[in-house]
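Working notes for the structure below.
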Amino acid sequence: MDIKLDPSQDDLPLLANTSHILVKHYVVDVDVNFESQDIEGTIVLFFESGNRFKKRSSSTEETCQSESDEACEFRTPGPCHIPMTNTGTSSSKMGYNDFAICGKGEKDTSDEDGNHDNQELASGISSSKYCRDPGNPGSEGFLLVLDCCDLSVLKVEEVDVAAVPGIEKFTRSPKLTVVSEELRNQIVRELVTLPADRWREQLDYYARCSQAPGCGELLFATDTWSLQIRKTGAQTAADFPHAVRIWYKTKPKGRSVTWTSDQSGRPCVYTMGSPINNRALFPCQEPPVAMSTWQATVRAAASFVVLMSGENSAKPTQLREGYASWHYYVTMPMPASTFTIAVGAWEEMKPPSCSSDDLATERASPASETNFRCAGPCGHVDYPCRFQDASATSQEIIPYRVFAPESLTGICQETLLQLIPPCLSAAHSILGTHPFSRLDVLIVPANFPSLGMASPHIIFLSQSTVTGGSHLCGTRLCHEIAHAWFGLAIGARDWTEEWLSEGFATHLEDVFWAAAQQLTPTEAQEQLELRACLRWRRLQGEVQNSAEEMQVLRPNKEKTGHVSESGASVIKHGLNPEKIFMQVHYLKGYFLLRFLAKRLGEETYFSFLRKFVHTFHGQLILSQDLLQMLLENIPEEKRLELSVENIFHDWLESSGIPEPLQKERQAGAECGLARQVSAEVTKWIRVNRRPRKRKRRENEEVFEKLLPDQLVLLLEQLLDQKTLQPRTLQSLQRTYYLEQQDAEVRHRWCELIVKHKYRDAYKHVEAFLQEDQAMGIYLYGELMVSEDARQQQLARTCFELTKGKMDGASAKVVAEMLF
């Protein structure tokens with residue numbers, strides 16, 4: 001596939017000025033409207049001003065300078081009526097009619113890219129701290145920049161937190177007589193810095209403050225990627241209001257959420273892991289450094305279930321007129337990009353004999369047995385941490401719930417539900433304390449563009465994982481569970497270093513899955529080696545078919561983690577549509593960690609991982625944080641000139657296959673399971689070469705039963721054969737019941753069908769493209785490059801049937817292949 005890189009389109013801007021001011025907490029209060037396909041309501045942001053902000057003179061380079069003064073003008077308040085959400089759904093709302101005024105325009109006059117009808121600002125404004133006030137020429141003031149796109153921003157106002165009853169406890173005055181901006185900001189400063197043991201009180205006051213009346217509208221403007229807010233007279237971040245309410249509405253085609261139907265034909269909406277993250281769901285600070293907590297109240301029709309990243313297993317509160325309200329919260333600060341929501345008519349499946357809480361209690365072991373509790377204080381900011389809780393450290397299986405569309409409940413009951421306890425227990429046995437207190441697992445609609453996605457307290461799995469046995473479901477579940485530690489509890493400070501998340505999850509999924517299956521050490525090692533063999537083949541293919549600069553795991557090199565003075569940065573290739581289908585970061589990261597594990601020895605390596613998790617949970621890291629700590633744990637005699645610099649050069653900052661990996665694979669011998677596959681391939685080659693009619697049957701081949709991973713390797717090796725006869729393909733299908741295998745096996749089977757134009761099995765390709773959209777993208781390409789008219793028509797027909805519900809990025813890539 002040809003890849004054309006355009007820096008102006010491929011790179012994702014993170015424009016929030018996090019060096020000056022940080023969001024510490026979000027309070028979301030919204031309605032989900034399926035008829036209009038939008039999410040509408042308010043979000044209240046509680047800020048803490050940054051220490052590095054200093055007032056500048058009028059000569060500063062970061063003033064808002066544009067070719068025309070009009071391009072920098074902010075929207076000024078004027079009377080109008082705010083579009084109200086359905087009051088029938090809003091009995092728990094906060095009397096918004098009391099302050100329903102905004103700037104000009106009584107209706108949503110959004111432009112085509114989804115932003116409100118304001119003057120677009122000059123390109124330099126988004127990283128600027130200051131801007132001129134159009135009503136006071138020559139003045140300057142602090143400019144708040146939030147990441148935002150595909151949203152209609154209706155109104156922005158300061159929240160009068162001083163009006164909340166009892167709030168004087170957060171001031172030095174027993175009675176509030178004179179209320180000032182300084183006093184309001186003092187209240188918020190005290191609130192956001194409450195100690196962890198007062199988290200319930202903190203959440204309660206966040207909720208109360210979010211319902212307080214407004215005390216003045218703020219000027220705002222939007223451009224393609226950001227929302228800019230200012231207050232006349234606020235010269236510094238410290239002067240700027242520390243509690244701000246934004247009224248907004250999402251767009252039906254907004255790129256953060258997908259409106260679609262589930263496998264039972266019922267409407268649903270969910271965040272699908274968009275490259276732009278959550279900025280089209282709510283205005284936010286996207287840079288990872290903006291670690292925040294949140295609470296959310298979501299209202300929808302009572303027939304829907306709302307799932308979300310939250311510590312509590314929320315239950316609906318019934319409202320009048322057939323609506324219900326759901327409330328979730330988190331107390332562990334995390335990047336806003338990890339926030340996830342899914343609203344649909346999901347059915348919950350429960351274990352047949354006992355509840356999730358019973359399971360968790362049954363499998364909890366004494367702390368003395370697991371000994372994974374943190375020694376000493378944690379290194380993160382203060383929050384209620386499970387690593388310091390003895391009961392949490394010994395909990396092998398956290399409480400969990402499983403949800404799916406009605407049509408998939410049966411197969412999920414048979415497969416997925418049974419796998420969660422052993423997979424959670426296996427993860428605990430390897431890494432210790434589960435960072436999160438509970439877990440929801442949801443089978444998402446068919447248009448989900450990957451096999452799985454992990455967010456705090458919730459995992460999305462593709463329907464492709466639950467068919468064809470337990471192997472693919474188990475490995476993918478283990479991969480997503482691993483992200484609880486690597487990707488969520490420990491995040492990358494620079495998003496270009498995604499190998500820190502995906503490499504670890506890929507490496508750990510094999511280890512967790514072997515433990516979950518309770519394999520013997522020999523069986524486990526054989527399985528690990530077979531999966532390494534498959535990934536080696538995959539990596540070679542990726543390197544051959546992708547742009548070199550997309551193969552680099554640390555593309556910013558020595559500038560990794562650097563941001564502008566304001567905190568703004570750009571994620572290299574963050575918007576490249578090909579990137580979401582690439583596995584280089586998974587595979588090269590996996591092989592690096594495997595290489596390091598071999599150098600240390602498995603026991604030492606996993607002991608180090610537990611120590612690393614204890615040291616860095618709740619924090620953001622760069623590659624050097626991991627590598628420096630790891631090298632400190634390698635005895636001098638085992639280092640053999642291994643250094644952070646060498647690892648950067650060989651593994652992270654070079655394209656292609658790392659030289660140490662190339663040498664290792666050339667010197668390594670096939671594992672037993674791979675040798676068994678090679679023997680079976682030889683048999684199939686003999687079958688394929690035999691004449692069609694033979695008189696004797698005594699030389700019939702006897703084929704061995706193969707594991708799912710072995711079947712994948714078998715089909716991949718047969719793909720290397722120039723020609724396979726239709727009768728050979730038919731025999732393959734019948735021998736292994738290929739159409740009934742898991743999606744990984746069926747994908748390779750479809751590749752064989754396409755390569756050899758095996759028309760009798762085209763129906764299997766059609767079914768795969770429609771039912772396994774997370775894996776079918778490259779099949780479209782193979783159908784088109786074959787230059788076979790029937791195959792090309794098959795591709796176009798399947799695309800016409802699915803494009804309306806297909807993930808937008810996937811549909812764009814496929815359309816470019818077909819037309």
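Residues in the structure tokens are numbered from 1 in each chain, the chains being A, B, ... in the order shown, and ligands are numbered from 1 in the order shown.
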Who sits within 12 Å of A:Gly541, only C-alpha atoms, same chain under 4 positions skipped, as a PDB file with N, CA, C and O atoms, in the first residue's frame:
ATOM      1  N   MET A   1       0.838  -1.183   0.000  1.00  0.00           N
ATOM      2  CA  MET A   1       0.000   0.000   0.000  1.00  0.00           C
ATOM      3  C   MET A   1       0.876   1.236   0.000  1.00  0.00           C
ATOM      4  O   MET A   1       1.787   1.367   0.804  1.00  0.00           O
ATOM      5  N   LEU A 534       5.511 -16.274  14.951  1.00  0.00           N
ATOM      6  CA  LEU A 534       4.465 -15.599  14.186  1.00  0.00           C
ATOM      7  C   LEU A 534       4.711 -14.092  14.119  1.00  0.00           C
ATOM      8  O   LEU A 534       4.539 -13.461  13.069  1.00  0.00           O
ATOM      9  N   ARG A 535       5.123 -13.512  15.233  1.00  0.00           N
ATOM     10  CA  ARG A 535       5.348 -12.064  15.249  1.00  0.00           C
ATOM     11  C   ARG A 535       6.577 -11.680  14.426  1.00  0.00           C
ATOM     12  O   ARG A 535       6.625 -10.593  13.852  1.00  0.00           O
ATOM     13  N   TRP A 536       7.559 -12.555  14.377  1.00  0.00           N
ATOM     14  CA  TRP A 536       8.731 -12.293  13.544  1.00  0.00           C
ATOM     15  C   TRP A 536       8.334 -12.211  12.064  1.00  0.00           C
ATOM     16  O   TRP A 536       8.749 -11.302  11.351  1.00  0.00           O
ATOM     17  N   ARG A 537       7.490 -13.123  11.640  1.00  0.00           N
ATOM     18  CA  ARG A 537       7.010 -13.089  10.259  1.00  0.00           C
ATOM     19  C   ARG A 537       6.214 -11.806  10.007  1.00  0.00           C
ATOM     20  O   ARG A 537       6.347 -11.168   8.957  1.00  0.00           O
ATOM     21  N   ASN A 545       6.490  -3.301   3.956  1.00  0.00           N
ATOM     22  CA  ASN A 545       5.336  -2.641   3.348  1.00  0.00           C
ATOM     23  C   ASN A 545       4.935  -1.329   3.999  1.00  0.00           C
ATOM     24  O   ASN A 545       3.795  -0.886   3.847  1.00  0.00           O
ATOM     25  N   SER A 546       5.841  -0.696   4.715  1.00  0.00           N
ATOM     26  CA  SER A 546       5.510   0.575   5.350  1.00  0.00           C
ATOM     27  C   SER A 546       6.646   1.567   5.138  1.00  0.00           C
ATOM     28  O   SER A 546       7.787   1.183   4.879  1.00  0.00           O
ATOM     29  N   GLN A 551       8.385   3.460  10.965  1.00  0.00           N
ATOM     30  CA  GLN A 551       8.892   2.279  11.680  1.00  0.00           C
ATOM     31  C   GLN A 551       9.732   2.656  12.896  1.00  0.00           C
ATOM     32  O   GLN A 551      10.223   1.778  13.597  1.00  0.00           O
ATOM     33  N   MET A 582      -1.100  -0.241  11.588  1.00  0.00           N
ATOM     34  CA  MET A 582       0.270  -0.737  11.675  1.00  0.00           C
ATOM     35  C   MET A 582       0.539  -1.370  13.029  1.00  0.00           C
ATOM     36  O   MET A 582      -0.026  -0.965  14.040  1.00  0.00           O
ATOM     37  N   GLN A 583       1.432  -2.350  13.048  1.00  0.00           N
ATOM     38  CA  GLN A 583       1.768  -3.038  14.290  1.00  0.00           C
ATOM     39  C   GLN A 583       3.249  -2.920  14.649  1.00  0.00           C
ATOM     40  O   GLN A 583       3.726  -3.608  15.538  1.00  0.00           O
ATOM     41  N   VAL A 584       3.972  -2.039  13.949  1.00  0.00           N
ATOM     42  CA  VAL A 584       5.412  -1.941  14.203  1.00  0.00           C
ATOM     43  C   VAL A 584       5.708  -1.618  15.661  1.00  0.00           C
ATOM     44  O   VAL A 584       6.605  -2.207  16.267  1.00  0.00           O
ATOM     45  N   LEU A 587       5.188  -4.710  17.702  1.00  0.00           N
ATOM     46  CA  LEU A 587       6.099  -5.816  17.435  1.00  0.00           C
ATOM     47  C   LEU A 587       7.540  -5.510  17.824  1.00  0.00           C
ATOM     48  O   LEU A 587       8.200  -6.316  18.486  1.00  0.00           O
ATOM     49  N   GLY A 656      13.428  -0.247  10.189  1.00  0.00           N
ATOM     50  CA  GLY A 656      13.822  -1.603   9.811  1.00  0.00           C
ATOM     51  C   GLY A 656      13.922  -2.554  10.991  1.00  0.00           C
ATOM     52  O   GLY A 656      13.469  -2.262  12.102  1.00  0.00           O
ATOM     53  N   ILE A 657      14.529  -3.705  10.745  1.00  0.00           N
ATOM     54  CA  ILE A 657      14.694  -4.736  11.776  1.00  0.00           C
ATOM     55  C   ILE A 657      15.913  -4.402  12.630  1.00  0.00           C
ATOM     56  O   ILE A 657      17.007  -4.195  12.096  1.00  0.00           O
ATOM     57  N   GLU A 716       0.040 -19.387   6.852  1.00  0.00           N
ATOM     58  CA  GLU A 716       1.002 -18.387   6.398  1.00  0.00           C
ATOM     59  C   GLU A 716       2.091 -19.041   5.536  1.00  0.00           C
ATOM     60  O   GLU A 716       2.517 -18.478   4.523  1.00  0.00           O
TER      61      GLU A 716
END
Write out as a PyMOL selection string each polymer residue whose atoms come within 8 Å of A:Gly618, counting only C-alpha atoms; drop sequence neighbours fewer than 5 positions from it. chain A and resi 332-334+379-381+489-490
Expected file contents, prior selection, C-alpha atoms, as a short mmCIF file (atom, residue, chain, number, x, y, z; two decimals), in the first residue's frame:
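Written output follows (out.cif):
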data_model
loop_
_atom_site.label_atom_id
_atom_site.label_comp_id
_atom_site.auth_asym_id
_atom_site.auth_seq_id
_atom_site.Cartn_x
_atom_site.Cartn_y
_atom_site.Cartn_z
CA MET A 332 -6.98 8.47 40.20
CA PRO A 333 -5.68 11.32 38.00
CA MET A 334 -5.27 10.26 34.36
CA GLY A 379 5.86 8.53 43.88
CA HIS A 380 2.67 9.94 42.36
CA VAL A 381 0.46 12.85 43.39
CA ALA A 489 -1.50 3.28 35.49
CA ILE A 490 1.83 4.06 33.83
#
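When only C-alpha atoms are used to compute distances to A:Arg279, the closest of the residues A:Val402, A:Val257, A:Val785, A:Ile777 turns out to be A:Val257.
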So that I can see what lies close to A:Cys473, please list as a list in words the residues with an atom at most 10 Å from it, counting only C-alpha atoms and leaving out residues fewer than 3 positions away in the same chain.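 My list of contacting residues is Cys412, Thr415, Leu416, Leu419, Ile420, Leu451, Gly452, Leu461, Ser462, Gln463, Ser464, Thr465, Val466, Thr467, Gly468, Gly469, Ser470, Arg476, Leu477, Cys478, His479, Asp742 and Ala743 of chain A.
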